file final.cif (mmCIF, C-alpha atoms and all ligand atoms)
data_model
#
loop_
_atom_site.label_atom_id
_atom_site.label_comp_id
_atom_site.auth_asym_id
_atom_site.auth_seq_id
_atom_site.Cartn_x
_atom_site.Cartn_y
_atom_site.Cartn_z
CA MET A 1 -8.20 -22.48 -11.99
CA ALA A 2 -4.45 -22.82 -11.81
CA ILE A 3 -2.39 -22.45 -8.65
CA TYR A 4 1.16 -21.11 -9.13
CA ASP A 5 2.88 -22.86 -6.23
CA ARG A 6 0.75 -25.78 -5.07
CA GLU A 7 3.24 -26.93 -2.48
CA ALA A 8 3.21 -23.56 -0.71
CA GLU A 9 -0.34 -22.42 -1.35
CA GLN A 10 -1.98 -25.71 -0.38
CA MET A 11 0.33 -26.57 2.49
CA ASP A 12 -1.15 -28.39 5.43
CA ARG A 13 -1.72 -25.80 8.21
CA ALA A 14 0.38 -27.67 10.78
CA GLU A 15 3.25 -27.92 8.32
CA LEU A 16 2.83 -24.23 7.49
CA SER A 17 3.05 -23.29 11.20
CA GLN A 18 6.29 -25.24 11.51
CA LEU A 19 7.77 -23.50 8.46
CA GLN A 20 6.64 -20.11 9.80
CA LEU A 21 8.28 -20.80 13.16
CA GLU A 22 11.59 -21.77 11.55
CA ARG A 23 11.56 -18.69 9.34
CA LEU A 24 10.52 -16.46 12.24
CA GLN A 25 13.39 -17.73 14.37
CA ALA A 26 15.86 -17.08 11.56
CA THR A 27 14.43 -13.57 11.07
CA LEU A 28 14.67 -12.74 14.78
CA HIS A 29 18.31 -13.89 14.86
CA ARG A 30 19.03 -11.86 11.75
CA VAL A 31 17.58 -8.59 13.02
CA TYR A 32 18.99 -9.00 16.53
CA LYS A 33 22.46 -9.42 15.10
CA ASN A 34 22.32 -6.79 12.35
CA VAL A 35 19.81 -4.06 13.18
CA LYS A 36 20.55 -1.83 16.19
CA PHE A 37 16.89 -0.81 16.47
CA TYR A 38 15.81 -4.40 17.12
CA LYS A 39 18.80 -5.24 19.36
CA LYS A 40 17.86 -2.30 21.58
CA LYS A 41 14.16 -3.18 21.59
CA PHE A 42 14.74 -6.86 22.38
CA ASP A 43 17.34 -6.09 25.06
CA ALA A 44 14.94 -3.66 26.73
CA ILE A 45 12.49 -6.51 27.41
CA GLY A 46 15.18 -9.12 28.02
CA PHE A 47 14.27 -11.12 24.91
CA LEU A 48 16.76 -13.33 23.10
CA PRO A 49 15.92 -14.75 19.64
CA GLU A 50 16.52 -18.28 20.97
CA ASP A 51 13.66 -17.66 23.45
CA CYS A 52 11.20 -17.87 20.57
CA LEU A 53 9.97 -21.47 20.74
CA SER A 54 6.45 -20.97 19.40
CA LEU A 55 4.65 -18.59 17.06
CA GLU A 56 2.68 -17.19 20.01
CA GLU A 57 5.92 -15.80 21.52
CA ILE A 58 5.80 -13.07 18.92
CA SER A 59 3.07 -11.23 20.84
CA ARG A 60 5.71 -10.43 23.51
CA LEU A 61 7.73 -8.40 21.03
CA PRO A 62 7.40 -4.65 20.50
CA PHE A 63 5.79 -3.25 17.34
CA THR A 64 7.59 -1.54 14.46
CA THR A 65 5.85 1.62 13.21
CA ARG A 66 6.21 3.81 10.13
CA HIS A 67 7.66 6.41 12.44
CA ASP A 68 10.42 3.94 13.44
CA LEU A 69 11.17 3.29 9.77
CA ALA A 70 11.35 7.01 8.98
CA GLN A 71 13.67 7.52 11.96
CA ALA A 72 15.96 4.86 10.51
CA TYR A 73 16.49 6.93 7.33
CA PRO A 74 18.22 5.98 5.16
CA TYR A 75 19.85 2.62 5.94
CA GLU A 76 19.55 1.96 9.67
CA MET A 77 16.93 -0.77 9.19
CA PHE A 78 19.06 -2.66 6.67
CA SER A 79 20.05 -6.08 7.87
CA VAL A 80 22.66 -6.75 5.16
CA PRO A 81 25.64 -4.73 3.89
CA LEU A 82 24.74 -2.41 0.99
CA ARG A 83 26.81 -4.48 -1.44
CA GLU A 84 24.22 -7.26 -1.07
CA VAL A 85 21.35 -4.89 -1.86
CA VAL A 86 20.35 -4.89 -5.52
CA ARG A 87 17.27 -2.63 -5.39
CA ILE A 88 16.18 0.30 -3.25
CA HIS A 89 12.60 1.58 -3.08
CA SER A 90 11.22 4.35 -0.94
CA SER A 91 7.89 5.88 -0.07
CA THR A 92 7.03 9.55 0.13
CA GLY A 93 4.51 11.27 2.31
CA SER A 94 5.64 10.03 5.69
CA PRO A 95 6.27 12.64 8.37
CA GLY A 96 9.88 13.74 8.27
CA ALA A 97 12.08 11.42 6.28
CA PRO A 98 10.86 8.96 3.64
CA ILE A 99 10.89 5.22 4.34
CA VAL A 100 13.67 3.36 2.52
CA MET A 101 13.45 -0.38 1.86
CA GLY A 102 16.11 -2.58 0.32
CA TYR A 103 15.96 -5.87 -1.58
CA THR A 104 18.63 -8.51 -2.05
CA ALA A 105 18.62 -10.63 -5.22
CA ARG A 106 16.85 -13.35 -3.21
CA ASP A 107 14.24 -10.84 -1.96
CA LEU A 108 13.48 -9.83 -5.55
CA ASN A 109 13.23 -13.47 -6.56
CA HIS A 110 10.68 -14.12 -3.80
CA TRP A 111 8.81 -10.97 -4.72
CA ALA A 112 8.36 -12.03 -8.36
CA LYS A 113 7.19 -15.49 -7.28
CA LEU A 114 4.65 -14.11 -4.80
CA ALA A 115 3.36 -11.67 -7.42
CA ALA A 116 3.06 -14.61 -9.81
CA ARG A 117 0.90 -16.40 -7.21
CA VAL A 118 -1.44 -13.40 -6.97
CA LEU A 119 -1.62 -13.06 -10.76
CA THR A 120 -2.29 -16.79 -11.22
CA ALA A 121 -5.04 -16.69 -8.58
CA ALA A 122 -6.63 -13.89 -10.63
CA GLY A 123 -6.56 -16.13 -13.72
CA VAL A 124 -3.54 -14.63 -15.52
CA ASP A 125 -1.40 -17.03 -17.58
CA ARG A 126 1.32 -17.00 -20.23
CA ASP A 127 -1.11 -16.19 -23.02
CA ASP A 128 -2.05 -12.86 -21.45
CA VAL A 129 -1.05 -9.33 -22.38
CA VAL A 130 -0.86 -7.26 -19.22
CA GLN A 131 -1.07 -3.47 -19.19
CA VAL A 132 0.47 -1.97 -16.03
CA THR A 133 -0.80 1.56 -15.42
CA LEU A 134 0.66 1.89 -11.92
CA SER A 135 3.61 4.15 -11.40
CA TYR A 136 7.17 3.02 -12.15
CA GLY A 137 9.51 4.86 -9.82
CA LEU A 138 10.63 4.86 -6.23
CA LEU A 139 7.28 3.43 -5.12
CA THR A 140 6.98 -0.34 -5.33
CA SER A 141 3.55 -0.33 -6.99
CA ALA A 142 4.25 -1.24 -10.62
CA PHE A 143 7.41 -3.28 -10.17
CA GLY A 144 6.10 -6.13 -8.05
CA LEU A 145 3.42 -7.28 -10.46
CA HIS A 146 5.60 -6.42 -13.48
CA TYR A 147 8.18 -9.08 -12.62
CA GLY A 148 5.44 -11.52 -11.66
CA VAL A 149 3.94 -11.16 -15.14
CA GLU A 150 7.31 -11.83 -16.77
CA LEU A 151 7.92 -14.82 -14.53
CA LEU A 152 4.59 -16.29 -15.66
CA GLY A 153 5.69 -15.85 -19.25
CA ALA A 154 2.87 -13.43 -20.06
CA SER A 155 3.58 -10.17 -21.93
CA VAL A 156 3.84 -6.97 -19.95
CA ILE A 157 3.15 -3.47 -21.28
CA PRO A 158 4.92 -1.15 -18.80
CA ILE A 159 3.01 1.98 -19.75
CA GLY A 160 2.74 3.52 -16.28
CA PRO A 161 0.04 6.03 -15.30
CA GLY A 162 -1.57 8.82 -17.31
CA GLY A 163 -2.10 9.54 -21.01
CA THR A 164 -5.51 7.93 -20.87
CA SER A 165 -6.44 8.15 -24.55
CA ARG A 166 -3.12 6.46 -25.41
CA GLN A 167 -3.84 3.82 -22.76
CA VAL A 168 -7.14 3.05 -24.47
CA GLN A 169 -5.56 2.91 -27.94
CA ILE A 170 -2.88 0.54 -26.71
CA MET A 171 -5.49 -1.55 -24.95
CA ARG A 172 -7.30 -1.96 -28.26
CA ASP A 173 -4.32 -2.25 -30.64
CA TYR A 174 -2.07 -4.46 -28.48
CA ARG A 175 -5.06 -6.59 -27.46
CA THR A 176 -4.57 -6.14 -23.73
CA THR A 177 -6.26 -8.90 -21.72
CA VAL A 178 -5.29 -7.85 -18.18
CA LEU A 179 -5.45 -4.39 -16.64
CA ILE A 180 -3.40 -3.51 -13.55
CA SER A 181 -4.36 -0.17 -12.01
CA THR A 182 -5.95 1.60 -9.10
CA PRO A 183 -9.76 1.20 -8.98
CA GLY A 184 -10.14 4.96 -9.53
CA TYR A 185 -8.02 4.94 -12.67
CA ALA A 186 -9.98 2.01 -14.10
CA LEU A 187 -13.05 4.25 -14.07
CA VAL A 188 -11.12 7.09 -15.69
CA ILE A 189 -10.25 4.66 -18.49
CA ALA A 190 -13.95 3.72 -18.76
CA ASP A 191 -14.88 7.42 -19.07
CA GLN A 192 -12.26 7.88 -21.77
CA MET A 193 -13.69 4.91 -23.71
CA ASP A 194 -17.13 6.53 -23.53
CA ARG A 195 -15.70 9.75 -24.93
CA MET A 196 -13.97 7.85 -27.73
CA GLY A 197 -17.21 6.01 -28.47
CA MET A 198 -15.56 2.68 -27.70
CA ASP A 199 -17.37 -0.32 -26.26
CA ALA A 200 -15.35 -2.48 -23.86
CA LYS A 201 -17.25 -5.53 -25.16
CA ASN A 202 -15.32 -5.18 -28.41
CA LEU A 203 -11.95 -5.25 -26.63
CA PHE A 204 -10.03 -8.28 -25.32
CA MET A 205 -9.92 -7.61 -21.60
CA LYS A 206 -10.72 -10.45 -19.26
CA VAL A 207 -9.45 -9.50 -15.83
CA GLY A 208 -8.28 -6.50 -13.80
CA LEU A 209 -6.14 -6.48 -10.64
CA PHE A 210 -6.82 -3.45 -8.50
CA ALA A 211 -5.11 -2.05 -5.41
CA GLY A 212 -3.63 1.14 -4.00
CA GLU A 213 -6.69 2.81 -2.52
CA PRO A 214 -9.78 1.75 -0.55
CA TRP A 215 -12.63 0.62 -2.78
CA THR A 216 -16.05 -0.92 -2.39
CA GLU A 217 -18.19 -3.74 -3.83
CA ASP A 218 -20.26 -1.07 -5.64
CA GLN A 219 -17.13 0.18 -7.38
CA ARG A 220 -16.27 -3.39 -8.30
CA THR A 221 -19.68 -3.84 -9.96
CA ASP A 222 -19.26 -0.54 -11.76
CA ILE A 223 -15.77 -1.40 -13.07
CA GLU A 224 -16.88 -4.87 -14.17
CA SER A 225 -19.88 -3.67 -16.12
CA ARG A 226 -18.13 -0.73 -17.74
CA LEU A 227 -14.82 -2.41 -18.63
CA PHE A 228 -16.35 -5.82 -19.27
CA LEU A 229 -13.82 -7.75 -17.16
CA THR A 230 -13.53 -9.55 -13.82
CA ALA A 231 -12.24 -7.12 -11.17
CA LEU A 232 -10.09 -8.58 -8.37
CA ASP A 233 -8.68 -7.05 -5.23
CA ASN A 234 -5.06 -7.41 -4.10
CA TYR A 235 -3.09 -6.10 -1.17
CA ALA A 236 0.15 -4.22 -1.66
CA LEU A 237 2.29 -2.91 1.16
CA SER A 238 5.52 -1.20 0.18
CA GLU A 239 7.11 -1.55 3.63
CA ALA A 240 6.54 -5.32 3.67
CA MET A 241 7.43 -5.87 0.02
CA GLY A 242 4.98 -4.27 -2.41
CA PRO A 243 2.19 -5.95 -4.41
CA GLY A 244 2.20 -9.73 -3.98
CA VAL A 245 1.44 -9.79 -0.24
CA ALA A 246 -2.13 -11.03 -0.77
CA GLY A 247 -4.68 -11.37 -3.54
CA GLU A 248 -8.16 -12.70 -4.32
CA CYS A 249 -8.86 -15.99 -6.05
CA GLU A 250 -11.82 -16.55 -8.35
CA PHE A 251 -14.16 -17.10 -5.38
CA ARG A 252 -13.66 -13.51 -4.18
CA VAL A 253 -13.95 -14.32 -0.48
CA GLY A 254 -11.00 -12.29 0.75
CA MET A 255 -7.36 -12.03 -0.31
CA HIS A 256 -5.15 -15.09 0.22
CA LEU A 257 -2.19 -13.93 2.30
CA ASN A 258 1.19 -15.44 1.43
CA GLU A 259 1.63 -16.72 4.97
CA ASP A 260 4.80 -18.63 4.28
CA HIS A 261 6.47 -15.21 3.83
CA PHE A 262 4.36 -12.97 6.08
CA LEU A 263 3.18 -13.73 9.57
CA ALA A 264 -0.06 -11.90 10.27
CA GLU A 265 -1.72 -10.75 13.49
CA ILE A 266 -4.82 -8.64 13.96
CA ILE A 267 -4.60 -6.27 16.92
CA ASP A 268 -6.81 -3.81 18.69
CA PRO A 269 -5.27 -0.54 17.46
CA ALA A 270 -5.97 1.19 20.75
CA THR A 271 -4.56 -1.41 23.16
CA GLY A 272 -2.20 -3.40 20.94
CA ASP A 273 -3.78 -6.66 22.13
CA VAL A 274 -3.97 -9.52 19.64
CA LEU A 275 -7.59 -10.19 18.58
CA PRO A 276 -9.11 -13.61 17.86
CA ALA A 277 -9.49 -14.78 14.23
CA GLY A 278 -12.42 -13.19 12.45
CA GLU A 279 -12.41 -9.93 14.40
CA VAL A 280 -11.70 -6.66 12.64
CA GLY A 281 -8.60 -4.81 13.77
CA GLU A 282 -5.27 -3.48 12.60
CA LEU A 283 -3.14 -5.81 10.49
CA VAL A 284 0.35 -6.40 11.89
CA LEU A 285 2.85 -8.17 9.62
CA THR A 286 6.19 -9.80 10.33
CA THR A 287 8.25 -10.58 7.26
CA ILE A 288 9.77 -14.03 7.63
CA SER A 289 11.79 -14.32 4.43
CA ARG A 290 13.10 -10.80 3.81
CA GLU A 291 16.87 -10.44 3.89
CA ALA A 292 17.59 -6.76 3.30
CA THR A 293 14.93 -5.07 5.43
CA PRO A 294 13.06 -7.58 7.59
CA LEU A 295 10.28 -6.18 9.77
CA VAL A 296 9.08 -7.54 13.09
CA ARG A 297 5.46 -6.81 14.01
CA PHE A 298 5.01 -3.95 11.57
CA ARG A 299 1.82 -1.97 12.20
CA THR A 300 0.30 -1.55 8.75
CA GLY A 301 -2.44 0.83 9.89
CA ASP A 302 -4.90 -1.14 7.72
CA LEU A 303 -8.13 -2.41 9.26
CA THR A 304 -9.11 -5.91 8.19
CA SER A 305 -9.88 -9.39 9.54
CA LEU A 306 -8.42 -12.85 8.91
CA ASP A 307 -10.35 -15.93 7.85
CA TYR A 308 -8.62 -19.31 8.25
CA ALA A 309 -11.51 -21.42 6.91
CA PRO A 310 -10.61 -23.52 3.85
CA CYS A 311 -11.39 -21.89 0.52
CA ASP A 312 -13.15 -23.64 -2.39
CA CYS A 313 -10.13 -22.89 -4.58
CA GLY A 314 -8.05 -25.36 -2.59
CA ARG A 315 -5.59 -22.87 -1.16
CA THR A 316 -5.02 -23.28 2.58
CA LEU A 317 -3.61 -19.77 3.03
CA ALA A 318 -5.71 -17.49 5.28
CA ARG A 319 -7.73 -14.71 3.69
CA LEU A 320 -7.65 -11.01 4.50
CA SER A 321 -11.00 -9.27 4.24
CA ARG A 322 -11.27 -6.18 2.05
CA ILE A 323 -9.35 -3.35 3.73
CA GLN A 324 -11.94 -1.50 5.79
CA GLY A 325 -10.07 1.70 6.54
CA ARG A 326 -7.07 3.07 8.36
CA ALA A 327 -6.34 2.52 12.03
CA ASP A 328 -4.11 5.54 12.44
CA ASN A 329 -4.66 8.99 11.08
CA VAL A 330 -2.94 8.27 7.81
CA VAL A 331 -5.25 9.03 4.93
CA VAL A 332 -4.92 7.44 1.51
CA VAL A 333 -5.49 9.79 -1.40
CA LYS A 334 -4.95 8.54 -4.96
CA GLY A 335 -3.16 5.54 -3.52
CA ILE A 336 -0.64 7.64 -1.60
CA ASN A 337 -0.39 7.68 2.20
CA ILE A 338 -0.73 11.19 3.55
CA PHE A 339 0.09 12.11 7.11
CA PRO A 340 -2.02 15.14 8.09
CA GLU A 341 0.65 16.36 10.49
CA ARG A 342 3.13 16.51 7.63
CA VAL A 343 0.89 19.14 6.00
CA GLY A 344 1.15 21.17 9.22
CA GLN A 345 4.94 20.93 9.15
CA ILE A 346 5.10 22.15 5.55
CA LEU A 347 2.73 25.05 6.25
CA ALA A 348 4.76 26.02 9.31
CA SER A 349 8.00 26.05 7.34
CA PHE A 350 6.32 28.15 4.67
CA ALA A 351 4.67 30.72 6.92
CA GLY A 352 7.27 30.72 9.70
CA GLU A 353 4.60 29.96 12.28
CA GLU A 354 2.01 27.29 13.09
CA SER A 355 -0.99 27.43 10.82
CA VAL A 356 -4.55 26.41 11.55
CA TYR A 357 -5.51 23.99 8.80
CA GLN A 358 -7.81 21.15 7.87
CA LEU A 359 -7.72 18.40 5.23
CA VAL A 360 -10.86 17.64 3.26
CA ILE A 361 -10.77 14.54 1.08
CA GLY A 362 -13.49 13.80 -1.40
CA ARG A 363 -14.20 12.14 -4.68
CA GLU A 364 -15.09 13.81 -7.93
CA GLY A 365 -16.37 11.17 -10.28
CA PRO A 366 -13.99 8.26 -9.74
CA LEU A 367 -11.00 10.36 -8.65
CA ASP A 368 -9.91 11.38 -5.18
CA TYR A 369 -9.11 15.00 -4.43
CA LEU A 370 -7.46 16.63 -1.44
CA GLU A 371 -8.36 20.11 -0.32
CA VAL A 372 -6.23 21.86 2.27
CA ARG A 373 -8.07 24.65 4.10
CA ILE A 374 -5.84 27.18 5.78
CA GLU A 375 -6.87 30.03 8.03
CA VAL A 376 -5.52 33.35 6.80
CA ARG A 377 -3.16 34.83 9.39
CA GLU A 378 -0.83 37.83 9.46
CA ALA A 379 1.98 35.89 7.80
CA LEU A 380 -0.38 34.50 5.19
CA PHE A 381 -2.38 37.63 4.61
CA PHE A 382 -2.52 39.48 1.33
CA ASP A 383 -5.46 41.64 0.41
CA LYS A 384 -4.80 41.82 -3.30
CA MET A 385 -6.42 38.96 -5.17
CA THR A 386 -3.47 38.50 -7.53
CA GLN A 387 -1.07 38.09 -4.63
CA GLN A 388 -3.44 35.66 -2.98
CA ARG A 389 -3.66 33.58 -6.13
CA GLU A 390 0.13 33.47 -6.32
CA LEU A 391 0.32 32.43 -2.69
CA VAL A 392 -2.20 29.64 -3.21
CA TYR A 393 -0.24 28.43 -6.22
CA LYS A 394 3.06 28.42 -4.31
CA LEU A 395 1.53 26.66 -1.31
CA SER A 396 -0.05 24.02 -3.48
CA HIS A 397 3.28 23.39 -5.23
CA LYS A 398 5.17 23.21 -1.92
CA LEU A 399 2.62 20.77 -0.47
CA ALA A 400 2.70 18.62 -3.60
CA GLN A 401 6.48 18.28 -3.25
CA GLY A 402 6.17 17.28 0.38
CA ILE A 403 3.23 14.88 0.35
CA GLY A 404 3.17 13.53 -3.20
CA VAL A 405 -0.33 14.72 -4.08
CA THR A 406 -1.20 18.15 -5.47
CA PRO A 407 -3.89 19.59 -3.20
CA ARG A 408 -6.39 22.36 -3.79
CA VAL A 409 -5.50 25.11 -1.37
CA LYS A 410 -8.34 27.16 0.04
CA LEU A 411 -7.71 30.17 2.28
CA VAL A 412 -10.46 30.64 4.86
CA GLU A 413 -11.43 33.32 7.42
CA PRO A 414 -9.58 33.34 10.75
CA GLY A 415 -11.53 31.39 13.35
CA SER A 416 -13.55 29.37 10.83
CA ILE A 417 -11.72 26.11 11.54
CA GLN A 418 -12.53 24.90 15.04
CA ARG A 419 -9.90 22.46 16.24
CA ASP A 420 -12.45 20.45 18.10
CA GLN A 421 -12.29 16.75 17.27
CA GLU A 422 -16.07 16.41 17.47
CA THR A 423 -17.19 19.19 15.17
CA SER A 424 -14.12 19.89 13.09
CA PRO A 425 -11.42 17.22 13.01
CA LEU A 426 -8.06 17.60 11.31
CA VAL A 427 -9.24 15.36 8.50
CA VAL A 428 -12.69 15.31 6.93
CA ASP A 429 -13.08 12.33 4.62
CA LEU A 430 -16.16 12.75 2.46
CA ARG A 431 -15.52 9.49 0.59
CA THR A 432 -16.95 7.30 3.32
ZN ZN B 1 -9.49 -19.12 -2.62
#

call {"tool": "encode", "arguments": {"input": "final.cif", "output": "structure tokens", "more": "lines below"}}
Ligand SMILES: [Zn+2]
result
Amino acid sequence: MAIYDREAEQMDRAELSQLQLERLQATLHRVYKNVKFYKKKFDAIGFLPEDCLSLEEISRLPFTTRHDLAQAYPYEMFSVPLREVVRIHSSTGSPGAPIVMGYTARDLNHWAKLAARVLTAAGVDRDDVVQVTLSYGLLTSAFGLHYGVELLGASVIPIGPGGTSRQVQIMRDYRTTVLISTPGYALVIADQMDRMGMDAKNLFMKVGLFAGEPWTEDQRTDIESRLFLTALDNYALSEAMGPGVAGECEFRVGMHLNEDHFLAEIIDPATGDVLPAGEVGELVLTTISREATPLVRFRTGDLTSLDYAPCDCGRTLARLSRIQGRADNVVVVKGINIFPERVGQILASFAGEESVYQLVIGREGPLDYLEVRIEVREALFFDKMTQQRELVYKLSHKLAQGIGVTPRVKLVEPGSIQRDQETSPLVVDLRT
């Protein structure tokens, strides 16, 4: 199979380390000079960018968290003047303010190239017709792969999410060969085909690239047999860039991480200590080519491991194992990060007092759902059913605005939610 950038993807490991060190040093100088947050953090431990003489030095540096990024709202993390920024993306669902990331023209150029690597590793080439069902908007999801497809010279259908029967018609009529979606939505498409009496064998699809929510090998088998295509995993992280960070090759032994642009560490989420290669822990990424919003030791919250053994495909880039869950209490529903505490904040602002609540996440068929259980209190108490229904509707709408996912709201008896981590945690995830 083809490799998009042989020089980078098959680089000798020693040469790669040298390149990483040079890019890391440049990044540290850049953030120290331009981002107050990093200047303060480095000064606090007496670290100067010129002190960084080896890649190992990075473990001395403090982490960057999503909370730090939200605190920096909107532009405090930007390392270049706004006039050099050509694109702004942001994520919703974080506690407090959203996270805003900028891209210079050079950042966008890198992004398209890295996405092209991931697409090529999946077997996409200029003859393909690629249907992107991810969302086009402030989130990075659809854009990264979109520009990668164009760079490869393949055709992109920027349909975005939803309208499933139309998706299926387009898939058939436009002769789509590549599907880009969340794993859950791929199964919704399969259901729709069943309803329309359509057999995927008669379509033209050959490969699907899936990301945006945790999925399993069983789901992969299911998607492959129902959509009659090869299903590949890729890793997208909006704070670091978007899709294009890592992706599987045809051997499906983990996702090749674009290490010449991202420096990876695996840490123990509890202690912050760096773990040896092969152990499962929280992925920490340092961007080493980003100009607009570089990140030093960003805690992704994703649990995975790194494999540096050579791959049969010939790429020398390390492989990330399938994401095995979240290290912090962020929960991913329908591909969107949800911070349980944010739900509490919204409920408090609605009711004027702290509410006792619990999040239940489950799966109905292939789709995630979020249920928010709230104890009925004085401020939230209405005895008439019609008023209660109205309240539930308003709450659900308010929560949807704040977290990006429309939850089912269920009012429960006072005292029925025990805030005891053992028997009744804040989040109950029935998907795992
Ligand atoms: Zn490989």

call {"tool": "closest_residue", "arguments": {"input": "final.cif", "among": "A:Glu291, A:Glu265, A:Glu250, A:Glu57", "to": "Leu306 of chain A", "atoms": "all atoms listed in the file"}}
result
A:Glu265

call {"tool": "residues_around", "arguments": {"input": "final.cif", "residues": "segment 365-373 of chain A", "least_positions_apart": "4", "cutoff": "8 Å", "atoms": "only C-alpha atoms", "output": "list in words"}}
result
Gly184, Tyr185, Leu187, Val188, Val333, Lys334, Tyr357, Gln358, Leu359, Val360, Ile361, Val405, Thr406, Pro407, Arg408, Val409, Lys410, Leu411 and Val412 of chain A

call {"tool": "residues_near_ligand", "arguments": {"input": "final.cif", "ligand": "ligand ZN 1 (chain B)", "cutoff": "9 Å", "atoms": "all atoms listed in the file", "output": "ChimeraX atom specification"}}
result
/A:121,248-256,310-319

call {"tool": "residues_around", "arguments": {"input": "final.cif", "residues": "segment 335-348 of chain A", "least_positions_apart": "4", "cutoff": "9 Å", "atoms": "all atoms listed in the file", "output": "PyMOL selection string"}}
result
chain A and resi 91-96+182+211-214+329-331+352-359+372+374+395+398-399+402-405+426-427

call {"tool": "residues_around", "arguments": {"input": "final.cif", "residues": "Gln169 of chain A", "least_positions_apart": "5", "cutoff": "12 Å", "atoms": "all atoms listed in the file", "output": "list in words"}}
result
Gln131, Ile159, Gly163, Thr164, Tyr174, Arg175, Thr176, Ile189, Gln192, Met193, Met196, Met198, Ala200 and Leu203 of chain A

call {"tool": "closest_residue", "arguments": {"input": "final.cif", "among": "A:Val168, A:Leu320, A:Leu53, A:Ala8", "to": "Leu24 of chain A", "atoms": "only C-alpha atoms"}}
result
A:Leu53

call {"tool": "residues_near_point", "arguments": {"input": "final.cif", "point": "(-5.7, -7.4, -0.2)", "cutoff": "6 Å", "atoms": "all atoms listed in the file", "output": "PyMOL selection string"}}
result
chain A and resi 233-235+246-247+255

call {"tool": "axis_aligned_box", "arguments": {"input": "final.cif", "around": "segment 10-18 of chain A", "padding_each_side": "3 Å", "output": "lines of an AutoDock Vina configuration file"}}
result
center_x = 2.2
center_y = -25.8
center_z = 5.6
size_x = 14.3
size_y = 11.1
size_z = 17.9

call {"tool": "residues_around", "arguments": {"input": "final.cif", "residues": "Ser17 of chain A", "least_positions_apart": "2", "cutoff": "10 Å", "atoms": "only C-alpha atoms", "output": "list in words"}}
result
Met11, Asp12, Arg13, Ala14, Glu15, Leu19, Gln20, Leu21, Glu22, Arg23, Ser54, Leu55, Glu259, Asp260 and Leu263 of chain A

call {"tool": "write_last_selection", "arguments": {"input": "final.cif", "atoms": "C-alpha atoms", "output": "PDB file, in the frame of the given file"}}
result
ATOM      1  CA  MET A  11       0.330 -26.570   2.490  1.00  0.00           C
ATOM      2  CA  ASP A  12      -1.150 -28.390   5.430  1.00  0.00           C
ATOM      3  CA  ARG A  13      -1.720 -25.800   8.210  1.00  0.00           C
ATOM      4  CA  ALA A  14       0.380 -27.670  10.780  1.00  0.00           C
ATOM      5  CA  GLU A  15       3.250 -27.920   8.320  1.00  0.00           C
ATOM      6  CA  LEU A  19       7.770 -23.500   8.460  1.00  0.00           C
ATOM      7  CA  GLN A  20       6.640 -20.110   9.800  1.00  0.00           C
ATOM      8  CA  LEU A  21       8.280 -20.800  13.160  1.00  0.00           C
ATOM      9  CA  GLU A  22      11.590 -21.770  11.550  1.00  0.00           C
ATOM     10  CA  ARG A  23      11.560 -18.690   9.340  1.00  0.00           C
ATOM     11  CA  SER A  54       6.450 -20.970  19.400  1.00  0.00           C
ATOM     12  CA  LEU A  55       4.650 -18.590  17.060  1.00  0.00           C
ATOM     13  CA  GLU A 259       1.630 -16.720   4.970  1.00  0.00           C
ATOM     14  CA  ASP A 260       4.800 -18.630   4.280  1.00  0.00           C
ATOM     15  CA  LEU A 263       3.180 -13.730   9.570  1.00  0.00           C
TER      16      LEU A 263
END

call {"tool": "atom_distance", "arguments": {"input": "final.cif", "atom1": "atom CA of Leu209 of chain A", "atom2": "atom CA of Glu150 of chain A"}}
result
15.7 Å

call {"tool": "residues_around", "arguments": {"input": "final.cif", "residues": "Arg226 of chain A", "least_positions_apart": "2", "cutoff": "7 Å", "atoms": "all atoms listed in the file", "output": "short mmCIF file (atom, residue, chain, number, x, y, z; two decimals) with C-alpha atoms, in the frame of the given file"}}
result
data_model
loop_
_atom_site.label_atom_id
_atom_site.label_comp_id
_atom_site.auth_asym_id
_atom_site.auth_seq_id
_atom_site.Cartn_x
_atom_site.Cartn_y
_atom_site.Cartn_z
CA ALA A 190 -13.95 3.72 -18.76
CA ALA A 200 -15.35 -2.48 -23.86
CA ASP A 222 -19.26 -0.54 -11.76
CA ILE A 223 -15.77 -1.40 -13.07
CA GLU A 224 -16.88 -4.87 -14.17
CA PHE A 228 -16.35 -5.82 -19.27
#
